[in-house]
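Here's run_22.cif, which has mmCIF, C-alpha atoms:
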```cif
data_model
loop_
_atom_site.label_atom_id
_atom_site.label_comp_id
_atom_site.auth_asym_id
_atom_site.auth_seq_id
_atom_site.Cartn_x
_atom_site.Cartn_y
_atom_site.Cartn_z
CA MET A 52 68.97 143.63 74.72
CA ALA A 53 68.49 140.18 76.21
CA GLU A 54 69.69 141.01 79.73
CA ARG A 55 67.55 142.80 82.25
CA GLU A 56 68.98 146.10 83.49
CA PRO A 57 69.90 146.22 87.17
CA GLU A 58 67.02 146.85 89.56
CA VAL A 59 66.17 150.38 90.58
CA GLU A 60 67.18 150.95 94.17
CA PHE A 61 67.61 153.70 96.69
CA LYS A 62 71.20 154.78 97.10
CA LYS A 63 72.70 154.06 100.48
CA GLU A 64 73.87 157.66 100.83
CA THR A 65 70.46 159.12 100.01
CA VAL A 66 68.77 156.85 102.53
CA SER A 67 71.36 157.76 105.13
CA LYS A 68 70.94 161.51 104.64
CA LEU A 69 67.19 161.16 104.48
CA LEU A 70 66.78 159.29 107.74
CA SER A 71 69.44 161.33 109.52
CA SER A 72 67.61 164.53 108.62
CA PHE A 73 64.64 163.32 110.65
CA PHE A 74 66.54 162.30 113.79
CA LYS A 75 65.69 164.45 116.76
CA GLU A 76 69.13 164.29 118.37
CA ASP A 77 72.35 165.39 116.71
CA LYS A 78 74.28 162.50 118.20
CA THR A 79 72.07 159.82 116.63
CA LYS A 80 73.82 158.14 113.68
CA LEU A 81 72.91 155.39 111.24
CA SER A 82 75.27 152.46 110.72
CA GLY A 83 76.19 151.49 107.15
CA ASP A 84 74.42 148.16 107.39
CA ALA A 85 71.31 149.76 108.85
CA ALA A 86 71.27 152.19 105.93
CA LEU A 87 71.47 149.32 103.45
CA LEU A 88 68.64 147.49 105.18
CA MET A 89 66.52 150.62 105.24
CA ALA A 90 67.16 151.08 101.53
CA GLU A 91 65.68 147.61 101.04
CA MET A 92 62.75 148.43 103.26
CA LEU A 93 62.00 151.62 101.36
CA LYS A 94 62.23 149.73 98.10
CA VAL A 95 59.62 147.29 99.39
CA PHE A 96 57.46 150.20 100.55
CA VAL A 97 57.46 151.80 97.11
CA GLN A 98 56.91 148.46 95.38
CA GLU A 99 53.95 147.70 97.63
CA ALA A 100 52.48 151.15 97.07
CA ALA A 101 52.86 150.79 93.31
CA MET A 102 51.72 147.15 93.06
CA ARG A 103 48.64 147.69 95.22
CA SER A 104 47.68 150.82 93.29
CA MET A 105 48.11 148.92 90.05
CA LYS A 106 45.99 145.98 91.28
CA GLN A 107 43.33 148.46 92.30
CA ALA A 108 43.38 150.02 88.83
CA GLU A 109 43.17 146.55 87.28
CA SER A 110 40.20 145.61 89.44
CA GLU A 111 38.44 148.74 88.20
CA ASP A 112 39.35 148.01 84.60
CA CYS A 113 41.39 151.20 84.25
CA ASP A 114 44.30 151.45 81.85
CA GLN A 115 46.13 154.07 83.81
CA VAL A 116 46.96 153.98 87.48
CA ASP A 117 45.51 157.16 88.91
CA ILE A 118 45.52 159.02 92.17
CA GLU A 119 42.15 157.56 93.23
CA HIS A 120 43.59 154.07 93.04
CA PHE A 121 46.47 155.07 95.25
CA GLU A 122 44.15 156.80 97.71
CA LYS A 123 42.11 153.66 98.11
CA ILE A 124 45.06 151.48 99.04
CA LEU A 125 46.90 154.05 101.13
CA PRO A 126 45.24 153.41 104.54
CA GLN A 127 46.01 149.68 104.52
CA LEU A 128 49.53 150.34 103.22
CA LEU A 129 50.30 152.61 106.16
CA LEU A 130 48.82 150.13 108.62
CA ASP A 131 50.91 147.32 107.16
CA PHE A 132 54.13 149.21 107.64
CA MET B 107 62.57 174.58 110.14
CA SER B 108 65.79 176.37 109.20
CA VAL B 109 66.39 177.49 105.63
CA GLU B 110 69.26 175.02 105.23
CA LYS B 111 67.28 172.07 106.49
CA GLU B 112 64.46 173.01 104.16
CA ALA B 113 66.88 173.08 101.23
CA ILE B 114 68.29 169.68 102.19
CA HIS B 115 64.78 168.26 102.39
CA GLN B 116 63.92 169.66 98.99
CA ARG B 117 66.90 167.93 97.45
CA LEU B 118 66.17 164.67 99.23
CA LYS B 119 62.53 164.83 98.14
CA ALA B 120 63.69 165.26 94.57
CA ALA B 121 66.00 162.26 94.88
CA VAL B 122 63.18 160.12 96.28
CA HIS B 123 60.83 161.34 93.56
CA TYR B 124 63.34 160.37 90.89
CA THR B 125 63.86 156.85 92.21
CA VAL B 126 60.15 156.31 92.78
CA GLY B 127 59.48 157.47 89.23
CA ARG B 128 61.93 154.96 87.80
CA MET B 129 60.53 152.14 89.92
CA CYS B 130 56.99 152.90 88.79
CA GLN B 131 58.11 153.13 85.20
CA ARG B 132 59.70 149.67 85.40
CA MET B 133 56.66 148.20 87.04
CA GLY B 134 54.40 149.81 84.50
CA GLU B 135 56.46 148.36 81.66
CA ASP B 136 56.30 144.91 83.22
CA HIS B 137 52.54 145.03 83.59
CA ARG B 138 51.67 147.17 80.58
CA ARG B 139 50.07 149.93 82.62
CA GLU B 140 51.07 153.51 83.14
CA PHE B 141 51.31 155.41 86.38
CA SER B 142 50.00 158.95 86.20
CA ARG B 143 52.40 161.67 87.25
CA GLN B 144 50.13 162.49 90.16
CA VAL B 145 50.39 158.97 91.51
CA ILE B 146 54.16 158.94 91.25
CA ALA B 147 54.30 162.26 93.08
CA ALA B 148 51.91 160.96 95.72
CA ILE B 149 53.91 157.76 96.28
CA ALA B 150 57.10 159.80 96.51
CA GLU B 151 55.58 162.17 99.02
CA THR B 152 54.20 159.31 101.10
CA THR B 153 57.55 157.53 101.05
CA PHE B 154 59.26 160.70 102.16
CA ARG B 155 56.87 161.12 105.07
CA GLN B 156 57.16 157.45 105.98
CA CYS B 157 60.90 158.02 106.39
CA ASP B 158 60.10 160.46 109.17
CA VAL B 159 58.11 157.75 110.94
CA PHE B 160 60.86 155.16 110.39
CA ALA B 161 63.59 157.55 111.54
CA LYS B 162 61.80 158.42 114.78
CA ASP B 163 61.18 154.72 115.48
CA LEU B 164 64.79 153.78 114.73
CA GLU B 165 66.08 156.55 116.95
CA ALA B 166 63.82 155.47 119.80
CA PHE B 167 64.87 151.81 119.48
CA ALA B 168 68.56 152.72 119.50
CA ARG B 169 68.14 154.97 122.48
CA HIS B 170 66.19 152.25 124.29
CA ALA B 171 69.18 149.96 123.78
CA LYS B 172 71.40 152.76 125.10
CA ARG B 173 73.11 153.29 121.74
CA SER B 174 73.54 156.41 119.71
CA THR B 175 74.07 154.54 116.45
CA VAL B 176 71.12 152.89 114.76
CA SER B 177 71.95 149.25 114.02
CA PRO B 178 70.44 146.49 111.84
CA GLU B 179 68.70 145.20 114.99
CA ASP B 180 66.75 148.44 115.15
CA VAL B 181 65.75 148.10 111.51
CA LYS B 182 64.50 144.56 112.17
CA LEU B 183 62.31 145.94 114.94
CA ALA B 184 60.99 148.65 112.66
CA ALA B 185 59.85 145.90 110.27
CA ARG B 186 57.93 144.02 112.95
CA ARG B 187 54.38 144.88 111.85
CA SER B 188 54.29 142.56 108.88
CA THR B 189 55.56 138.98 109.20
CA ALA B 190 56.55 138.82 105.55
CA LEU B 191 58.44 142.10 105.78
CA SER B 192 60.10 141.04 109.00
CA ILE B 193 61.35 137.79 107.45
CA PHE B 194 62.48 139.65 104.32
CA ILE B 195 64.56 142.12 106.33
CA GLN B 196 66.04 139.36 108.49
CA ASN B 197 67.09 137.50 105.36
CA LYS B 198 68.63 140.64 103.87
CA SER B 199 70.52 141.18 107.10
CA GLU B 200 71.82 137.61 106.94
CA GLU B 201 72.89 138.18 103.33
CA LEU B 202 74.79 141.29 104.33
CA ASN B 203 76.58 139.48 107.13
CA GLN B 204 77.45 136.63 104.79
CA GLU B 205 78.83 139.06 102.19
CA GLN B 206 80.98 140.70 104.82
CA ARG B 207 82.28 137.37 106.08
CA ASP B 208 83.11 136.35 102.51
CA SER B 209 84.92 139.59 101.73
CA LYS B 210 86.93 139.31 104.94
CA LYS B 211 88.09 135.85 103.93
CA LYS B 212 89.17 137.18 100.54
CA ASN B 213 90.97 140.12 102.10
CA THR B 214 93.15 138.07 104.42
CA GLY B 215 94.59 136.36 101.33
CA LYS B 216 95.08 139.19 98.85
CA ARG B 217 95.43 142.71 100.19
CA LYS B 218 95.55 146.12 98.55
CA SER B 219 94.20 145.36 95.08
CA ARG B 220 91.14 143.57 96.50
CA ASP B 221 90.39 146.38 98.92
CA THR B 222 90.19 148.99 96.21
CA GLU B 223 88.03 146.67 94.11
CA GLU B 224 85.55 146.23 96.97
CA GLU B 225 85.45 149.94 97.67
CA SER B 226 84.82 150.92 94.08
CA ARG B 227 81.90 148.47 93.98
CA GLU B 228 80.22 150.37 96.83
#
```

If you took the structure in this file and wrote it as structure tokens, what would it be?
Amino acid sequence: MAEREPEVEFKKETVSKLLSSFFKEDKTKLSGDAALLMAEMLKVFVQEAAMRSMKQAESEDCDQVDIEHFEKILPQLLLDF
Amino acid sequence: MSVEKEAIHQRLKAAVHYTVGRMCQRMGEDHRREFSRQVIAAIAETTFRQCDVFAKDLEAFARHAKRSTVSPEDVKLAARRSTALSIFIQNKSEELNQEQRDSKKKNTGKRKSRDTEEESRE
């Protein structure tokens, strides 16, 4: 297959339900566009988490990305977001 | 937390876990490294918890603007901590607006058949 499959993304509906479930007030809603933008933001969050963990594993010469690699990059990841 | 809410969260967690897993798999393929299952679970869990943080922020921003519906402006604010992220989200927002303007132009010309085509794409 020469063509690249479409990128993995968060579904708009999942993001919408997810964020809505954490709202404190019942009346708070999420607009469609805001849901789409949040889906993008979450995608970036996961990509950053994965990329940074992978770079950490690479810098330690490890073949597999393990939990310790993730733990090391987690504090900065949370601060950056 | 009520039993229902707990059940909803479980399902949402599973959905997040699934998408995170696929993303990590893709990335691993691209860079010839594997992500352990623990890491994928940890990233999924962290993402899930980060949504709580985002949601509370978004709700506070909307309320501050005296709105009950979270808008793209609130999302842009939520992305303020990192310049790169902020610019990225602003660009995505612009793209969205452009797409909507384009689809409106199309719709004024041709009606019903276009509408259903747009809807099925979503």

- prompt: In Å to one decimal, how far is CA of Gln127 (chain A) from CA of Arg187 (chain B)?
  reply: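 So the answer is 12.1 Å.
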
Under the rule of at most 8 Å, produce a per-residue listing of chain A near region 141-156 of chain B: chain, number, name, the closest pair of atoms, and the distance in Å, as JSON lines, using only C-alpha atoms.
```
{"residue": "A:Leu93", "atom": "CA", "partner": "B:Thr153", "partner_atom": "CA", "distance": 7.4}
{"residue": "A:Phe96", "atom": "CA", "partner": "B:Thr153", "partner_atom": "CA", "distance": 7.3}
{"residue": "A:Val97", "atom": "CA", "partner": "B:Thr153", "partner_atom": "CA", "distance": 7.0}
{"residue": "A:Ala100", "atom": "CA", "partner": "B:Ile149", "partner_atom": "CA", "distance": 6.8}
{"residue": "A:Ala101", "atom": "CA", "partner": "B:Ile149", "partner_atom": "CA", "distance": 7.6}
{"residue": "A:Gln115", "atom": "CA", "partner": "B:Phe141", "partner_atom": "CA", "distance": 5.9}
{"residue": "A:Val116", "atom": "CA", "partner": "B:Phe141", "partner_atom": "CA", "distance": 4.7}
{"residue": "A:Asp117", "atom": "CA", "partner": "B:Ser142", "partner_atom": "CA", "distance": 5.5}
{"residue": "A:Ile118", "atom": "CA", "partner": "B:Val145", "partner_atom": "CA", "distance": 4.9}
{"residue": "A:Phe121", "atom": "CA", "partner": "B:Val145", "partner_atom": "CA", "distance": 6.7}
```

task: Output the contact residues of chain A with respect to chain B at a cut-off of 8 Å, based on only C-alpha atoms, as a ChimeraX atom specification.
output: /A:59-61,65,68-75,78-82,84-85,88-89,91-93,96-98,100-102,105,114-118,121,131-132

Å distance separating CA of Ala86 (chain A) from CA of Val66 (chain A), one decimal place: 6.3 Å

message: Just the number, please: distance in Å from CA of His120 (chain A) to CA of Glu58 (chain A), one decimal.
response: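 Answer for the CA of His120 (chain A) to CA of Glu58 (chain A) separation: 24.8 Å.
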
- prompt: A:Ile124, A:Ala90, A:Val95, A:Leu130: which is nearest Ala108 (chain A), counting all atoms listed in the file?
  reply: A:Ile124
